[in-house]
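Pasted below: run.cif, mmCIF, C-alpha atoms and all ligand atoms.
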```
data_entry
loop_
_atom_site.group_PDB
_atom_site.id
_atom_site.type_symbol
_atom_site.label_atom_id
_atom_site.label_comp_id
_atom_site.auth_asym_id
_atom_site.auth_seq_id
_atom_site.Cartn_x
_atom_site.Cartn_y
_atom_site.Cartn_z
ATOM 1 C CA MET A 1 26.030 22.905 49.233
ATOM 2 C CA PRO A 2 24.868 23.593 52.823
ATOM 3 C CA LYS A 3 23.600 20.473 54.621
ATOM 4 C CA LYS A 4 20.101 21.906 55.278
ATOM 5 C CA LYS A 5 19.652 22.683 51.593
ATOM 6 C CA ARG A 6 20.829 19.200 50.559
ATOM 7 C CA ILE A 7 18.430 17.532 53.021
ATOM 8 C CA ARG A 8 15.521 19.614 51.723
ATOM 9 C CA ILE A 9 16.269 18.721 48.107
ATOM 10 C CA GLN A 10 16.496 15.021 48.996
ATOM 11 C CA ALA A 11 13.215 15.222 50.925
ATOM 12 C CA LEU A 12 11.326 16.751 47.981
ATOM 13 C CA SER A 13 10.362 13.424 46.454
ATOM 14 C CA SER A 14 8.632 12.374 49.685
ATOM 15 C CA PHE A 15 6.018 15.134 49.348
ATOM 16 C CA SER A 16 2.660 14.086 47.949
ATOM 17 C CA ASN A 17 2.324 17.480 46.234
ATOM 18 C CA VAL A 18 5.689 17.415 44.427
ATOM 19 C CA ILE A 19 5.516 15.612 41.118
ATOM 20 C CA ASP A 20 8.526 13.519 40.094
ATOM 21 C CA ASP A 21 9.148 12.743 36.444
ATOM 22 C CA PRO A 22 6.391 15.181 35.378
ATOM 23 C CA SER A 23 6.536 14.381 31.654
ATOM 24 C CA ARG A 24 4.586 11.172 32.366
ATOM 25 C CA PHE A 25 1.535 13.364 33.035
ATOM 26 C CA LYS A 26 1.759 15.345 29.789
ATOM 27 C CA GLY A 27 -1.795 15.792 28.496
ATOM 28 C CA THR A 28 -3.359 14.193 31.592
ATOM 29 C CA TRP A 29 -2.662 16.573 34.492
ATOM 30 C CA ASN A 30 -6.322 17.148 35.245
ATOM 31 C CA GLU A 31 -7.382 13.561 34.929
ATOM 32 C CA ARG A 32 -4.453 11.885 36.701
ATOM 33 C CA VAL A 33 -3.058 14.488 39.104
ATOM 34 C CA PHE A 34 -5.979 16.704 40.128
ATOM 35 C CA GLN A 35 -8.779 14.292 39.255
ATOM 36 C CA ASN A 36 -11.079 17.057 38.080
ATOM 37 C CA ASP A 37 -11.521 19.175 34.956
ATOM 38 C CA HIS A 38 -10.704 22.576 36.446
ATOM 39 C CA PRO A 39 -8.582 25.054 34.482
ATOM 40 C CA ILE A 40 -4.845 24.944 35.127
ATOM 41 C CA THR A 41 -2.760 27.990 36.074
ATOM 42 C CA LEU A 42 1.013 27.706 35.933
ATOM 43 C CA GLU A 43 3.471 29.854 37.879
ATOM 44 C CA VAL A 44 6.838 29.838 36.137
ATOM 45 C CA GLY A 45 9.719 30.409 38.560
ATOM 46 C CA CYS A 46 7.487 30.026 41.631
ATOM 47 C CA GLY A 47 10.302 30.028 44.217
ATOM 48 C CA LYS A 48 8.708 29.392 47.614
ATOM 49 C CA GLY A 49 5.297 29.273 45.953
ATOM 50 C CA GLU A 50 3.848 32.291 47.743
ATOM 51 C CA TYR A 51 2.041 33.690 44.717
ATOM 52 C CA SER A 52 0.518 30.488 43.417
ATOM 53 C CA LEU A 53 -0.426 29.315 46.893
ATOM 54 C CA ALA A 54 -2.269 32.597 47.502
ATOM 55 C CA LEU A 55 -4.053 32.157 44.149
ATOM 56 C CA ALA A 56 -4.864 28.518 44.929
ATOM 57 C CA ARG A 57 -6.544 29.533 48.183
ATOM 58 C CA ARG A 58 -8.607 32.223 46.447
ATOM 59 C CA PHE A 59 -9.646 29.985 43.577
ATOM 60 C CA PRO A 60 -10.483 26.490 44.825
ATOM 61 C CA GLU A 61 -12.208 25.857 41.475
ATOM 62 C CA ARG A 62 -8.891 26.134 39.607
ATOM 63 C CA ASN A 63 -5.772 23.964 39.633
ATOM 64 C CA PHE A 64 -2.282 25.416 40.139
ATOM 65 C CA ILE A 65 1.169 24.139 39.265
ATOM 66 C CA GLY A 66 4.310 25.911 40.454
ATOM 67 C CA ILE A 67 7.536 25.165 38.636
ATOM 68 C CA ASP A 68 11.039 26.140 39.677
ATOM 69 C CA LEU A 69 14.615 25.003 39.214
ATOM 70 C CA LYS A 70 15.463 25.194 42.868
ATOM 71 C CA GLY A 71 14.547 22.242 45.056
ATOM 72 C CA ALA A 72 15.162 23.934 48.408
ATOM 73 C CA ARG A 73 12.655 26.671 47.533
ATOM 74 C CA LEU A 74 10.106 24.127 46.333
ATOM 75 C CA PHE A 75 10.517 22.294 49.646
ATOM 76 C CA ILE A 76 9.162 25.372 51.424
ATOM 77 C CA ALA A 77 6.401 25.819 48.829
ATOM 78 C CA ALA A 78 5.261 22.197 49.140
ATOM 79 C CA GLN A 79 5.434 22.232 52.948
ATOM 80 C CA ASN A 80 3.362 25.427 53.161
ATOM 81 C CA ALA A 81 0.749 24.058 50.764
ATOM 82 C CA LEU A 82 0.440 20.857 52.807
ATOM 83 C CA ASP A 83 0.199 22.819 56.061
ATOM 84 C CA LEU A 84 -2.672 24.830 54.552
ATOM 85 C CA GLN A 85 -4.290 21.670 53.139
ATOM 86 C CA ALA A 86 -4.346 23.237 49.691
ATOM 87 C CA ASP A 87 -5.176 20.281 47.474
ATOM 88 C CA ASN A 88 -5.486 22.231 44.226
ATOM 89 C CA ILE A 89 -1.765 22.970 43.911
ATOM 90 C CA VAL A 90 1.299 20.867 43.113
ATOM 91 C CA PHE A 91 4.942 21.688 42.449
ATOM 92 C CA VAL A 92 7.389 20.498 39.842
ATOM 93 C CA ARG A 93 11.167 20.884 39.797
ATOM 94 C CA ILE A 94 12.058 21.574 36.188
ATOM 95 C CA HIS A 95 13.799 24.161 34.058
ATOM 96 C CA ALA A 96 11.186 26.289 32.291
ATOM 97 C CA GLU A 97 12.809 25.255 28.987
ATOM 98 C CA LYS A 98 11.198 21.834 29.502
ATOM 99 C CA ILE A 99 7.575 22.904 29.836
ATOM 100 C CA ALA A 100 6.567 21.694 26.394
ATOM 101 C CA ASP A 101 7.807 18.213 27.405
ATOM 102 C CA VAL A 102 5.555 18.321 30.452
ATOM 103 C CA PHE A 103 2.340 19.963 29.205
ATOM 104 C CA SER A 104 0.487 19.429 25.954
ATOM 105 C CA LYS A 105 -1.205 21.918 23.631
ATOM 106 C CA ASN A 106 -4.133 23.735 25.293
ATOM 107 C CA GLU A 107 -3.444 22.098 28.654
ATOM 108 C CA VAL A 108 -2.675 25.363 30.476
ATOM 109 C CA GLU A 109 -5.183 28.241 30.745
ATOM 110 C CA GLU A 110 -3.088 30.913 32.412
ATOM 111 C CA ILE A 111 0.533 31.676 33.303
ATOM 112 C CA TRP A 112 1.799 33.920 36.091
ATOM 113 C CA ILE A 113 5.413 35.133 36.146
ATOM 114 C CA PRO A 114 5.763 37.229 39.291
ATOM 115 C CA PHE A 115 9.199 38.782 39.839
ATOM 116 C CA PRO A 116 11.314 36.609 37.539
ATOM 117 C CA ASP A 117 15.082 36.967 37.673
ATOM 118 C CA PRO A 118 15.795 39.900 35.328
ATOM 119 C CA TYR A 119 19.063 38.470 33.930
ATOM 120 C CA PRO A 120 20.341 41.955 32.966
ATOM 121 C CA LYS A 121 23.169 40.575 30.804
ATOM 122 C CA LYS A 122 21.509 37.442 29.412
ATOM 123 C CA ALA A 123 18.323 38.371 27.568
ATOM 124 C CA ARG A 124 17.755 34.856 26.245
ATOM 125 C CA LYS A 125 17.415 33.537 29.816
ATOM 126 C CA ARG A 126 14.603 35.961 30.663
ATOM 127 C CA LEU A 127 11.290 34.152 31.129
ATOM 128 C CA THR A 128 9.610 36.550 28.671
ATOM 129 C CA SER A 129 12.191 36.157 25.870
ATOM 130 C CA THR A 130 11.114 34.992 22.420
ATOM 131 C CA LYS A 131 12.254 31.468 23.244
ATOM 132 C CA TYR A 132 9.906 31.280 26.230
ATOM 133 C CA ILE A 133 6.986 33.001 24.474
ATOM 134 C CA GLN A 134 7.228 30.331 21.800
ATOM 135 C CA LEU A 135 7.243 27.608 24.454
ATOM 136 C CA TYR A 136 4.215 29.131 26.222
ATOM 137 C CA ARG A 137 2.426 29.100 22.869
ATOM 138 C CA GLN A 138 2.904 25.344 22.714
ATOM 139 C CA ILE A 139 1.012 24.696 25.951
ATOM 140 C CA LEU A 140 -1.490 27.549 26.345
ATOM 141 C CA LYS A 141 -5.072 27.795 25.142
ATOM 142 C CA SER A 142 -5.263 30.433 22.407
ATOM 143 C CA ASP A 143 -7.013 33.140 24.451
ATOM 144 C CA ALA A 144 -5.090 32.400 27.655
ATOM 145 C CA GLY A 145 -3.377 35.200 29.565
ATOM 146 C CA ILE A 146 0.201 35.609 30.755
ATOM 147 C CA HIS A 147 0.759 37.936 33.711
ATOM 148 C CA LEU A 148 4.141 39.449 34.503
ATOM 149 C CA LYS A 149 4.909 41.488 37.605
ATOM 150 C CA THR A 150 8.359 42.998 37.981
ATOM 151 C CA ASP A 151 10.287 45.782 39.659
ATOM 152 C CA ASP A 152 12.819 45.773 36.810
ATOM 153 C CA GLU A 153 12.438 48.541 34.207
ATOM 154 C CA GLN A 154 14.667 46.793 31.662
ATOM 155 C CA LEU A 155 12.710 43.540 31.929
ATOM 156 C CA PHE A 156 9.401 45.419 31.692
ATOM 157 C CA ARG A 157 10.465 47.190 28.476
ATOM 158 C CA PHE A 158 12.036 44.027 27.101
ATOM 159 C CA THR A 159 8.776 42.119 27.661
ATOM 160 C CA ILE A 160 6.753 44.758 25.817
ATOM 161 C CA GLU A 161 9.233 44.727 22.917
ATOM 162 C CA THR A 162 9.163 40.922 22.787
ATOM 163 C CA CYS A 163 5.354 40.984 22.782
ATOM 164 C CA LYS A 164 5.376 43.347 19.796
ATOM 165 C CA HIS A 165 7.976 41.279 17.961
ATOM 166 C CA GLU A 166 5.999 38.076 18.609
ATOM 167 C CA ASN A 167 2.614 39.641 17.735
ATOM 168 C CA CYS A 168 1.226 39.024 21.200
ATOM 169 C CA ILE A 169 -1.871 40.910 22.312
ATOM 170 C CA ILE A 170 -1.156 43.231 25.230
ATOM 171 C CA HIS A 171 -4.303 43.603 27.356
ATOM 172 C CA GLU A 172 -2.876 45.751 30.112
ATOM 173 C CA MET A 173 0.459 47.423 30.716
ATOM 174 C CA ILE A 174 1.000 49.373 33.958
ATOM 175 C CA PRO A 175 4.387 50.999 34.706
ATOM 176 C CA ASP A 176 3.568 51.828 38.343
ATOM 177 C CA LEU A 177 0.868 49.609 39.835
ATOM 178 C CA TYR A 178 0.507 51.328 43.169
ATOM 179 C CA GLN A 179 0.415 54.820 41.742
ATOM 180 C CA GLN A 180 -2.128 53.990 39.072
ATOM 181 C CA GLY A 181 -4.406 51.965 41.336
ATOM 182 C CA LEU A 182 -4.974 48.259 40.997
ATOM 183 C CA SER A 183 -7.538 47.274 38.412
ATOM 184 C CA ASP A 184 -7.668 43.718 39.659
ATOM 185 C CA GLU A 185 -7.712 42.507 43.233
ATOM 186 C CA LEU A 186 -5.356 39.693 42.193
ATOM 187 C CA LEU A 187 -2.594 42.211 41.849
ATOM 188 C CA HIS A 188 -2.787 42.764 45.609
ATOM 189 C CA ILE A 189 -1.064 39.446 46.285
ATOM 190 C CA GLN A 190 2.462 40.317 47.398
ATOM 191 C CA THR A 191 5.339 37.872 47.737
ATOM 192 C CA THR A 192 8.410 38.479 49.875
ATOM 193 C CA TYR A 193 10.182 39.755 46.745
ATOM 194 C CA GLU A 194 7.484 42.309 46.018
ATOM 195 C CA LYS A 195 7.392 43.529 49.636
ATOM 196 C CA ARG A 196 11.182 43.925 49.577
ATOM 197 C CA HIS A 197 11.063 45.932 46.334
ATOM 198 C CA LEU A 198 8.319 48.160 47.728
ATOM 199 C CA ASP A 199 10.307 48.736 50.937
ATOM 200 C CA GLU A 200 13.218 49.825 48.736
ATOM 201 C CA GLY A 201 10.922 52.366 47.066
ATOM 202 C CA LYS A 202 10.841 50.596 43.694
ATOM 203 C CA LYS A 203 7.918 50.849 41.287
ATOM 204 C CA ILE A 204 6.082 47.629 40.518
ATOM 205 C CA LYS A 205 5.219 47.079 36.862
ATOM 206 C CA TYR A 206 2.639 44.745 35.367
ATOM 207 C CA VAL A 207 1.922 43.391 31.884
ATOM 208 C CA TRP A 208 -0.949 41.090 30.925
ATOM 209 C CA PHE A 209 -0.793 39.631 27.433
ATOM 210 C CA SER A 210 -1.881 36.711 25.255
ATOM 211 C CA VAL A 211 0.369 34.805 22.887
HETATM 212 C C1 LIG B 1 13.130 36.153 42.112
HETATM 213 S S1 LIG B 1 12.448 34.565 42.313
HETATM 214 C C2 LIG B 1 10.706 34.887 42.337
HETATM 215 C C3 LIG B 1 9.918 33.762 42.941
HETATM 216 C C4 LIG B 1 8.398 33.962 42.980
HETATM 217 N N1 LIG B 1 7.815 34.088 41.655
HETATM 218 C C5 LIG B 1 7.991 35.116 43.863
HETATM 219 O O1 LIG B 1 7.530 36.158 43.357
HETATM 220 O O2 LIG B 1 8.128 34.961 45.093
HETATM 221 C C6 LIG B 1 12.688 33.846 40.722
HETATM 222 C C7 LIG B 1 12.586 32.333 40.714
HETATM 223 O O3 LIG B 1 12.635 31.873 39.366
HETATM 224 C C8 LIG B 1 13.369 30.666 39.327
HETATM 225 N N2 LIG B 1 13.849 30.495 37.940
HETATM 226 C C9 LIG B 1 14.678 31.309 37.251
HETATM 227 N N3 LIG B 1 14.858 30.856 36.002
HETATM 228 C C10 LIG B 1 14.137 29.709 35.910
HETATM 229 C C11 LIG B 1 13.941 28.756 34.876
HETATM 230 N N4 LIG B 1 14.496 28.899 33.685
HETATM 231 N N5 LIG B 1 13.146 27.699 35.117
HETATM 232 C C12 LIG B 1 12.540 27.544 36.329
HETATM 233 N N6 LIG B 1 12.702 28.413 37.351
HETATM 234 C C13 LIG B 1 13.472 29.482 37.137
HETATM 235 C C14 LIG B 1 14.467 30.851 40.351
HETATM 236 O O4 LIG B 1 14.966 29.613 40.803
HETATM 237 C C15 LIG B 1 13.727 31.620 41.441
HETATM 238 O O5 LIG B 1 13.182 30.771 42.432
#
```

With the file now loaded, output its structure as structure tokens.
Amino acid sequence: MPKKKRIRIQALSSFSNVIDDPSRFKGTWNERVFQNDHPITLEVGCGKGEYSLALARRFPERNFIGIDLKGARLFIAAQNALDLQADNIVFVRIHAEKIADVFSKNEVEEIWIPFPDPYPKKARKRLTSTKYIQLYRQILKSDAGIHLKTDDEQLFRFTIETCKHENCIIHEMIPDLYQQGLSDELLHIQTTYEKRHLDEGKKIKYVWFSV
């Protein structure tokens, strides 16, 4: 592992906005971490946290938690959030498979999954596979929304099929966001990934559903 990456991963635990051993806060994130009763939005696979940090700045009356496997990316996310003095966002280094160990039933009010890895050959690893939908069900409020943005046609279709199989309610399904026109100003937030896909001429797809 490159030295810079190793140093960043080691430094993660020194950040006030990176939560170590997150399962100790299961059921008490608002009370013990944010010290308010604002609704919690989760970004699964947040990378450098660009999406959730942009949301956190727009919605100071909500709380945001970004989770990702990769410590070096979370280092950048946490540093940027501290630089911007965003106190309604924290980051957690976990595998998304563990979310039901970290959040309790009804604790999360919304999930964003912008530009997840499409895993073309490993459907079960996709963050909108049946396994993950069932995990999201264990932590979300019943009417809560899940938002997926992707450039990947296969992942887009797979998500819609999984939603049908799992009896999810699809609220909105847009195969080409920028052609159709954005119904929600939130969809204007663009991470580095999205900008790169747009530069390459790819269509951005969006699905909003409840589990
Ligand atoms: C393509 S990046 C997108 C990052 C971010 N959402 C954005 O739009 O800028 C996908 C991220 O998902 C993370 N990831 C993939 N599978 C994951 C999993 N099972 N649990 C947690 N993070 C995951 C990767 O480490 C990576 O940072």

Around ligand LIG 1 (chain B), out to 9 Å and counting all atoms listed in the file, which residues are there? I want them as a short mmCIF file (atom, residue, chain, number, x, y, z; two decimals) with C-alpha atoms, in the coordinates of the input.
```
data_model
loop_
_atom_site.label_atom_id
_atom_site.label_comp_id
_atom_site.auth_asym_id
_atom_site.auth_seq_id
_atom_site.Cartn_x
_atom_site.Cartn_y
_atom_site.Cartn_z
CA GLU A 43 3.47 29.85 37.88
CA VAL A 44 6.84 29.84 36.14
CA GLY A 45 9.72 30.41 38.56
CA CYS A 46 7.49 30.03 41.63
CA GLY A 47 10.30 30.03 44.22
CA LYS A 48 8.71 29.39 47.61
CA GLY A 49 5.30 29.27 45.95
CA GLU A 50 3.85 32.29 47.74
CA TYR A 51 2.04 33.69 44.72
CA SER A 52 0.52 30.49 43.42
CA GLY A 66 4.31 25.91 40.45
CA ILE A 67 7.54 25.16 38.64
CA ASP A 68 11.04 26.14 39.68
CA LEU A 69 14.62 25.00 39.21
CA LYS A 70 15.46 25.19 42.87
CA GLY A 71 14.55 22.24 45.06
CA ARG A 73 12.66 26.67 47.53
CA LEU A 74 10.11 24.13 46.33
CA ARG A 93 11.17 20.88 39.80
CA ILE A 94 12.06 21.57 36.19
CA HIS A 95 13.80 24.16 34.06
CA ALA A 96 11.19 26.29 32.29
CA GLU A 97 12.81 25.26 28.99
CA LYS A 98 11.20 21.83 29.50
CA TRP A 112 1.80 33.92 36.09
CA ILE A 113 5.41 35.13 36.15
CA PRO A 114 5.76 37.23 39.29
CA PHE A 115 9.20 38.78 39.84
CA PRO A 116 11.31 36.61 37.54
CA ASP A 117 15.08 36.97 37.67
CA PRO A 118 15.80 39.90 35.33
CA TYR A 119 19.06 38.47 33.93
CA LYS A 125 17.42 33.54 29.82
CA ARG A 126 14.60 35.96 30.66
CA LEU A 127 11.29 34.15 31.13
CA LYS A 149 4.91 41.49 37.60
CA THR A 150 8.36 43.00 37.98
CA GLN A 190 2.46 40.32 47.40
CA THR A 191 5.34 37.87 47.74
CA THR A 192 8.41 38.48 49.88
CA TYR A 193 10.18 39.76 46.74
CA GLU A 194 7.48 42.31 46.02
#
```

Written as a PyMOL selection string, which residues does the PyMOL selection byres (((chain A and resi 7-9) around 12) and not hetatm) give for the file shown?
chain A and resi 1-6+10-15+18+69-79+93

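Interatomic distance, CA of Ile111 (chain A) to CA of Ser16 (chain A): 23.0 Å.
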
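Of the residues under consideration (A:Phe64, A:Phe91, A:Phe209, A:Tyr178), A:Phe209 shows the shortest atom-to-atom contact distance to Thr162 (chain A) when counting all atoms listed in the file.
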
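Atom pair CA of Ile89 (chain A) / CA of Ile189 (chain A) has a distance of 16.7 Å (rounded to one decimal).
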
Contacts of Ile160 (chain A) at 12 Å (all atoms listed in the file; same-chain gap of 2+ positions) as a PyMOL selection string
chain A and resi 128-130+133+148+153-158+162-175+205-210

Check which residues satisfy the PyMOL selection byres (((chain A and resi 108) around 12) and not hetatm) in the file shown, then give them as an MDAnalysis selection string.
chainID A and resid 26:30 37:44 62:65 99:100 102:107 109:112 135:146

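The space between CA of Asp83 (chain A) and CA of Val33 (chain A) spans 19.2 Å.
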
Please put the answer as lines of an AutoDock Vina configuration file: centre and edge lengths, in Å with one decimal, of a box along x, y and z that encloses all listed atoms of region 119-129 of chain A plus 3 Å on each side.
```
center_x = 16.4
center_y = 37.7
center_z = 29.9
size_x = 19.6
size_y = 14.4
size_z = 14.1
```
